[in-house]
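Please read the structure below before turning to the comments.
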Amino acid sequence: MANKIRVATTSLAGCFGCHMSFLDIDERMLQLVEVVEFDRSPLTDIEHCTNCDIGLIEGGVCNSENVHVLREFRNNCKILVAVGACAINGGLPAMRNHIPLEECLSEAYLDGVGVENPQIPNDIELPLLLDQVYPIHEVVKIDYFLPGCPPSADVFWKFLTDLIEGREPSLPYELVHYD
Amino acid sequence: MKQFIQGIVENNHQATPLLQMLRQIQSRFHYIPEEAIEQLSGLLNMPRTQIVSVIEFYSFFHLTPRGQYELLISDSITDHMLGKKDLLGYLENKLAVAVGKVRSDGLVSLNNTSCTGMCDQGPAGLVNGYALTHLDHSSIDKIAALINQQKPLSEWPSELFQVDDNIHKSGLLLNQQIEQGAALTAVLKRGIKETLAEIDTSGLRGRGGAGFKTAMKWQFCSEEQQTERYVVCNADEGEPGTFKDRVLLNSYADQVFEGMTVCATIIGAKQGFLYLRGEYLHLHDKLQNILQQRRRNGLLGINILDAGWSFDIEICLGAGAYICGEESALIESLEGKAGIPRNRPPYPVTQGYLGKPTVVNNVETFLAAAGIAVNGGNWFAGIGTEKSKGTKILSISGDCARPGIYEYPFGVTVQTILHDCGADDVLGVQVGGPSGMFISDQEFERKLAFEDLATGGSFIIFNTSRNILDMVHNFTHFFAHESCGFCTPCRVGTSLLQKQMDKIVDGHGSAGDVVVLEELCQLVKNYSHCGLGQTAANPILTTLERYPGLYQSRLKEISYEPGFDLDGALETARRMANRDDAGAHLAQIEVNEHE
């Protein structure tokens, strides 16, 4: 089929749990790839994205590389989606926000228990950590938010099928209440 | 310390003592030490976590030491208009202590605090809880010297603590203070039911802002099955820009207490409370003396006026929490707990203090009720508008020649008020405090009344030299600070509003940011548990409605920019890794943005 809808996905400061949950759409994946092709994604190993329709971002922004990846997605995706609690709020990685970064790095690399040859890694290939973990909508404009930790497979399915079929995406109450 | 705390507990005969005990400990040690918490927990048979949660809830309690002199400077918009920011910097310099810190010798600490109710005589502050007014460079020089000489507060010159009434216009209530005992004598003569009928005739509605009919509230309470009932006077006047209750309690307290006693006879209460905001500590001793005098004169205590009525009033001091002005939060606080609003219904008239029927009314309501008991319902109902009878006492501050207290019949126009207080070149007025609304210069024909502009009495005037967004910014920060943290829409929502407002005011906003702001406002307004959250977005909503261009003018013509300094967020890591290469930096806005 010509002109498939192009989807890119990535995980920033996340655990890939949202990607795993996405795969839980199981056999519906076959239906999906009828109309969708994947660009940059851990599922394809394509390294950079080009002109996509939908970008799905898992995880918050914890370092400079996350900022660059997020900007690449924003520049190449017509619709950019924050997927899961970490992308929306910073989530678990943001628990470090209550501790100054200086203390985190010192504990890990200088004076923590069992540290040998204490030094702060400083290779220029390494991305630097931001002072806090930020939700992605504080760094670039985000069009949609999929809540959940992780969002269920049905959330991914409902959201993507709405978009693909040209409807304004909406999640029914059953999919977004958690108790 | 052990003995001190043992003493506090043994000498405390108040019904619900925790808050007052913590006040005493804080004032003695300048914080609540861990040992004190352990000891209280044992003596009161209360989990230590419960005590810690109360300490953490109130702004005036601390788990870490504050200075022997704890200076708090009022952060109301009116203080800012009078040059607060500059003074705070001057104070930091003079005392060699930064805002939010304790000086290394432990002598002094400095911080901001929410409006202290001195808006007509600011910039204002508190030292160890006592109100300071008219702060300027010379008074700060004096204060700094007194602190550095470690002079006790009792030896400080009294002019530093001078609080004026500034009554500029009196009407029905302020002109005719009743004689002590006159209202109770009138009740005795006329009869209890008949007095309630007079209050009904008067059309008196609650003066805190919500405007519930007073006679109806009292009647509901008196009809409850439970016979143990309470009267509470809400003097937790925390709405920024409001200070009329301070004046009423300074100069009309006898009549307020009399109003409470009239209420007690009508609803059959034996015990009343005056919940006085902590910021008005300077009034405490004076009020206790008036209560003593009333007891001596047979107007409080057992067998009042030999009529067989028994009623007494206890004063409870708050500890710095705006939310305690909400009646159910106030009751929680009276019970010695964190001031978190209850679910309503049941309303306090059915289940209030200790779960018993309770009438909570504003200071001004009790004042008016006492007047009505003496002069009759028609005296009051003859003035005002159809749905808003009588007068309203206003606290006027901001850009005008004569800030202070003004009493007007309901129905007065904004224009008349502005004229009387000497306000020229007016841009707009914040009516009812931050939780009220901002009205522009196109609306000065509007009337103060429940039918049009309902207000608890705060009236802050802004002239054309002022920036509306500065005001909104101040109010939005106020609500984020005062949210009690109970419900998510308010706890998180008010912080998000603050963040989004900062982003726009600081010039990092772009196309979609005002839309996001407005959506957030609706969410906080519609989903919050109590009035605080439901009104926290009002400063933004009411100004956005009137001045959309003002917000738009702050936006950049790009699709998006982060609201924080991205490159600055890498600074710590850069320093620790000793790097400064290109990869160690981030541009705030991406250069080759596709648009």
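Convention: chains lettered A, B, ... in structure tokens order; per-chain residue numbering from 1; ligands numbered from 1 as shown.
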Distance query segment 18-24 of chain A at most 9 Å, only C-alpha atoms, self and fewer than 3 positions along chain excluded, as a ChimeraX atom specification: /A:9-11,14-15,27-29,42,58-59,83-84,148-157
Keeping only C-alpha atoms, write the selected residues to a file as a short mmCIF file (atom, residue, chain, number, x, y, z; two decimals), in the first residue's frame.
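Written file, selection.cif:
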```cif
data_model
loop_
_atom_site.label_atom_id
_atom_site.label_comp_id
_atom_site.auth_asym_id
_atom_site.auth_seq_id
_atom_site.Cartn_x
_atom_site.Cartn_y
_atom_site.Cartn_z
CA THR A 9 9.09 6.03 18.46
CA THR A 10 11.79 6.49 21.06
CA SER A 11 12.49 6.16 24.75
CA GLY A 14 12.20 5.81 30.34
CA CYS A 15 12.34 2.05 30.92
CA GLU A 27 -1.93 -9.74 16.70
CA ARG A 28 -3.43 -6.33 16.08
CA MET A 29 0.15 -5.34 15.12
CA PRO A 42 13.86 0.59 18.68
CA GLU A 58 8.41 7.55 26.09
CA GLY A 59 10.34 8.92 29.09
CA VAL A 83 3.51 8.48 26.09
CA GLY A 84 3.30 7.42 29.71
CA GLY A 148 -0.55 5.49 32.29
CA CYS A 149 2.44 3.66 33.66
CA PRO A 150 2.46 2.22 31.14
CA PRO A 151 -0.54 3.18 28.99
CA SER A 152 -2.30 -0.10 28.23
CA ALA A 153 -2.13 -1.72 24.82
CA ASP A 154 -5.76 -0.72 24.33
CA VAL A 155 -4.82 2.93 24.89
CA PHE A 156 -2.23 2.73 22.10
CA TRP A 157 -4.70 0.95 19.88
#
```
Within 7 Å of Leu129 of chain A using only C-alpha atoms, minus same-chain residues under 5 positions, as a PDB file with N, CA and C atoms, in the first residue's frame:
```pdb
ATOM      1  N   CYS A  62      16.251  13.886  30.703  1.00  0.00           N
ATOM      2  CA  CYS A  62      17.190  13.929  31.834  1.00  0.00           C
ATOM      3  C   CYS A  62      18.574  14.423  31.440  1.00  0.00           C
ATOM      4  N   ASN A  63      18.894  14.431  30.121  1.00  0.00           N
ATOM      5  CA  ASN A  63      20.246  14.872  29.741  1.00  0.00           C
ATOM      6  C   ASN A  63      20.221  15.580  28.391  1.00  0.00           C
ATOM      7  N   SER A  64      21.392  16.062  27.971  1.00  0.00           N
ATOM      8  CA  SER A  64      21.435  16.865  26.750  1.00  0.00           C
ATOM      9  C   SER A  64      21.073  16.048  25.512  1.00  0.00           C
TER      10      SER A  64
ATOM     11  N   LEU B 570      22.381  22.666  32.577  1.00  0.00           N
ATOM     12  CA  LEU B 570      23.552  21.786  32.430  1.00  0.00           C
ATOM     13  C   LEU B 570      24.731  22.263  33.265  1.00  0.00           C
ATOM     14  N   ALA B 573      26.493  19.911  35.955  1.00  0.00           N
ATOM     15  CA  ALA B 573      27.175  18.765  35.341  1.00  0.00           C
ATOM     16  C   ALA B 573      28.418  19.242  34.596  1.00  0.00           C
TER      17      ALA B 573
END
```
With 7 Å as the cut-off and only C-alpha atoms counted, what is the closest atom pair between each nearby residue of chain A and chain B? Distances in Å to one decimal, ordered by chain and number, as CSV.
```
residue,atom,partner,partner_atom,distance
A:Asn75,CA,B:His594,CA,6.0
A:Glu102,CA,B:Thr572,CA,6.6
A:Ile120,CA,B:Ala577,CA,5.6
A:Pro121,CA,B:Ala577,CA,6.4
A:Asn122,CA,B:Ala577,CA,4.9
A:Ile124,CA,B:Gly583,CA,6.9
A:Leu128,CA,B:Ala573,CA,5.9
A:Leu129,CA,B:Ala573,CA,5.9
A:Leu130,CA,B:Leu570,CA,4.9
A:Asp131,CA,B:Ala569,CA,5.0
A:Glu138,CA,B:Pro562,CA,5.5
A:Val139,CA,B:Pro562,CA,4.9
A:Val140,CA,B:Tyr560,CA,6.3
A:Lys141,CA,B:Tyr560,CA,6.0
```
I need the residues from that last selection saved to file as a short mmCIF file (atom, residue, chain, number, x, y, z; two decimals), in the first residue's frame (with N, CA and C atoms), if you can.
```
data_model
loop_
_atom_site.label_atom_id
_atom_site.label_comp_id
_atom_site.auth_asym_id
_atom_site.auth_seq_id
_atom_site.Cartn_x
_atom_site.Cartn_y
_atom_site.Cartn_z
N ASN A 75 10.96 18.17 15.03
CA ASN A 75 11.18 18.75 13.71
C ASN A 75 10.72 17.85 12.58
N GLU A 102 24.49 17.78 42.18
CA GLU A 102 25.85 17.67 42.71
C GLU A 102 25.95 16.49 43.69
N ILE A 120 34.51 12.09 38.10
CA ILE A 120 33.27 12.34 37.34
C ILE A 120 33.58 12.03 35.88
N PRO A 121 32.81 11.15 35.25
CA PRO A 121 33.07 10.84 33.82
C PRO A 121 33.01 12.12 33.01
N ASN A 122 34.01 12.33 32.16
CA ASN A 122 34.02 13.61 31.44
C ASN A 122 34.34 13.47 29.96
N ILE A 124 33.84 13.61 26.17
CA ILE A 124 32.92 14.51 25.46
C ILE A 124 31.84 13.75 24.69
N LEU A 128 25.70 15.30 29.04
CA LEU A 128 25.68 15.82 30.41
C LEU A 128 24.27 15.73 30.98
N LEU A 129 24.19 15.49 32.28
CA LEU A 129 22.88 15.43 32.94
C LEU A 129 22.34 16.84 33.16
N LEU A 130 21.04 16.98 32.99
CA LEU A 130 20.37 18.24 33.36
C LEU A 130 20.19 18.28 34.88
N ASP A 131 20.01 19.46 35.42
CA ASP A 131 19.86 19.58 36.87
C ASP A 131 18.65 18.82 37.40
N GLU A 138 7.75 20.44 28.58
CA GLU A 138 8.43 21.67 29.02
C GLU A 138 9.64 21.97 28.13
N VAL A 139 9.92 21.08 27.18
CA VAL A 139 11.08 21.30 26.31
C VAL A 139 10.67 21.55 24.86
N VAL A 140 9.66 20.82 24.39
CA VAL A 140 9.11 21.10 23.05
C VAL A 140 7.58 21.09 23.14
N LYS A 141 6.93 21.55 22.08
CA LYS A 141 5.47 21.52 22.07
C LYS A 141 4.99 20.10 21.84
#
```
Non-local contacts of segment 472-482 of chain B (10 Å; only C-alpha atoms; under 5 positions in same chain excluded) as a PyMOL selection string: chain B and resi 57-59+75-77+80+113-115+240+320-324+433-435+438+467+490-499+501-502+504-505+532-533+535-544
Segment 86-101 of chain A environment, 6 Å, only C-alpha atoms, sequence neighbours closer than 4 positions dropped, as a ChimeraX atom specification: /A:58-60,82,131-136
Those selected residues, please, written with N, CA and C atoms and delivered as a PDB file, in the first residue's frame.
```pdb
ATOM      1  N   GLU A  58       8.482   8.103  24.731  1.00  0.00           N
ATOM      2  CA  GLU A  58       8.406   7.550  26.089  1.00  0.00           C
ATOM      3  C   GLU A  58       9.531   8.187  26.915  1.00  0.00           C
ATOM      4  N   GLY A  59       9.261   8.442  28.200  1.00  0.00           N
ATOM      5  CA  GLY A  59      10.338   8.916  29.085  1.00  0.00           C
ATOM      6  C   GLY A  59      10.452  10.428  29.128  1.00  0.00           C
ATOM      7  N   GLY A  60      11.030  10.924  30.212  1.00  0.00           N
ATOM      8  CA  GLY A  60      11.242  12.356  30.380  1.00  0.00           C
ATOM      9  C   GLY A  60      12.598  12.769  29.830  1.00  0.00           C
ATOM     10  N   ALA A  82       3.261  12.554  23.938  1.00  0.00           N
ATOM     11  CA  ALA A  82       3.921  12.150  25.184  1.00  0.00           C
ATOM     12  C   ALA A  82       3.264  10.863  25.657  1.00  0.00           C
ATOM     13  N   ASP A 131      20.007  19.461  35.423  1.00  0.00           N
ATOM     14  CA  ASP A 131      19.858  19.579  36.874  1.00  0.00           C
ATOM     15  C   ASP A 131      18.650  18.824  37.396  1.00  0.00           C
ATOM     16  N   GLN A 132      17.624  18.698  36.551  1.00  0.00           N
ATOM     17  CA  GLN A 132      16.427  17.961  36.935  1.00  0.00           C
ATOM     18  C   GLN A 132      15.948  17.135  35.742  1.00  0.00           C
ATOM     19  N   VAL A 133      15.026  16.218  36.012  1.00  0.00           N
ATOM     20  CA  VAL A 133      14.366  15.507  34.919  1.00  0.00           C
ATOM     21  C   VAL A 133      13.100  16.284  34.580  1.00  0.00           C
ATOM     22  N   TYR A 134      12.943  16.651  33.305  1.00  0.00           N
ATOM     23  CA  TYR A 134      11.811  17.490  32.898  1.00  0.00           C
ATOM     24  C   TYR A 134      10.797  16.681  32.095  1.00  0.00           C
ATOM     25  N   PRO A 135       9.514  17.001  32.241  1.00  0.00           N
ATOM     26  CA  PRO A 135       8.523  16.418  31.339  1.00  0.00           C
ATOM     27  C   PRO A 135       8.768  16.954  29.926  1.00  0.00           C
ATOM     28  N   ILE A 136       8.455  16.163  28.922  1.00  0.00           N
ATOM     29  CA  ILE A 136       8.853  16.569  27.566  1.00  0.00           C
ATOM     30  C   ILE A 136       8.117  17.824  27.085  1.00  0.00           C
TER      31      ILE A 136
END
```
Please list as an mmCIF file with C-alpha atoms, in the first residue's frame every residue within 10 Å of Thr201 of chain B, counting only C-alpha atoms and excluding residues in the same chain fewer than 3 positions away.
```cif
data_model
loop_
_atom_site.group_PDB
_atom_site.id
_atom_site.type_symbol
_atom_site.label_atom_id
_atom_site.label_comp_id
_atom_site.auth_asym_id
_atom_site.auth_seq_id
_atom_site.Cartn_x
_atom_site.Cartn_y
_atom_site.Cartn_z
ATOM 1 C CA THR B 195 -34.748 38.602 68.216
ATOM 2 C CA LEU B 196 -34.136 35.922 65.602
ATOM 3 C CA ALA B 197 -37.163 37.335 63.772
ATOM 4 C CA GLU B 198 -35.572 40.793 63.860
ATOM 5 C CA LEU B 204 -28.407 40.301 57.172
ATOM 6 C CA ALA B 215 -30.989 34.240 60.443
ATOM 7 C CA ILE B 372 -29.652 44.689 64.921
ATOM 8 C CA GLY B 376 -34.249 46.181 65.300
ATOM 9 C CA GLY B 377 -34.381 44.635 61.853
ATOM 10 C CA ASN B 378 -35.841 47.614 60.032
ATOM 11 C CA TRP B 379 -32.999 49.834 61.162
ATOM 12 C CA PHE B 380 -30.716 47.660 59.038
ATOM 13 C CA ALA B 381 -33.093 46.646 56.250
ATOM 14 C CA LYS B 389 -29.383 44.894 53.097
#
```
Shortest interatomic distance to Ser440 of chain B - which of B:Met471, B:Leu427, B:Ile140, B:Leu281, counting only C-alpha atoms: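 Of all the options, B:Leu427 lies closest to Ser440 of chain B.
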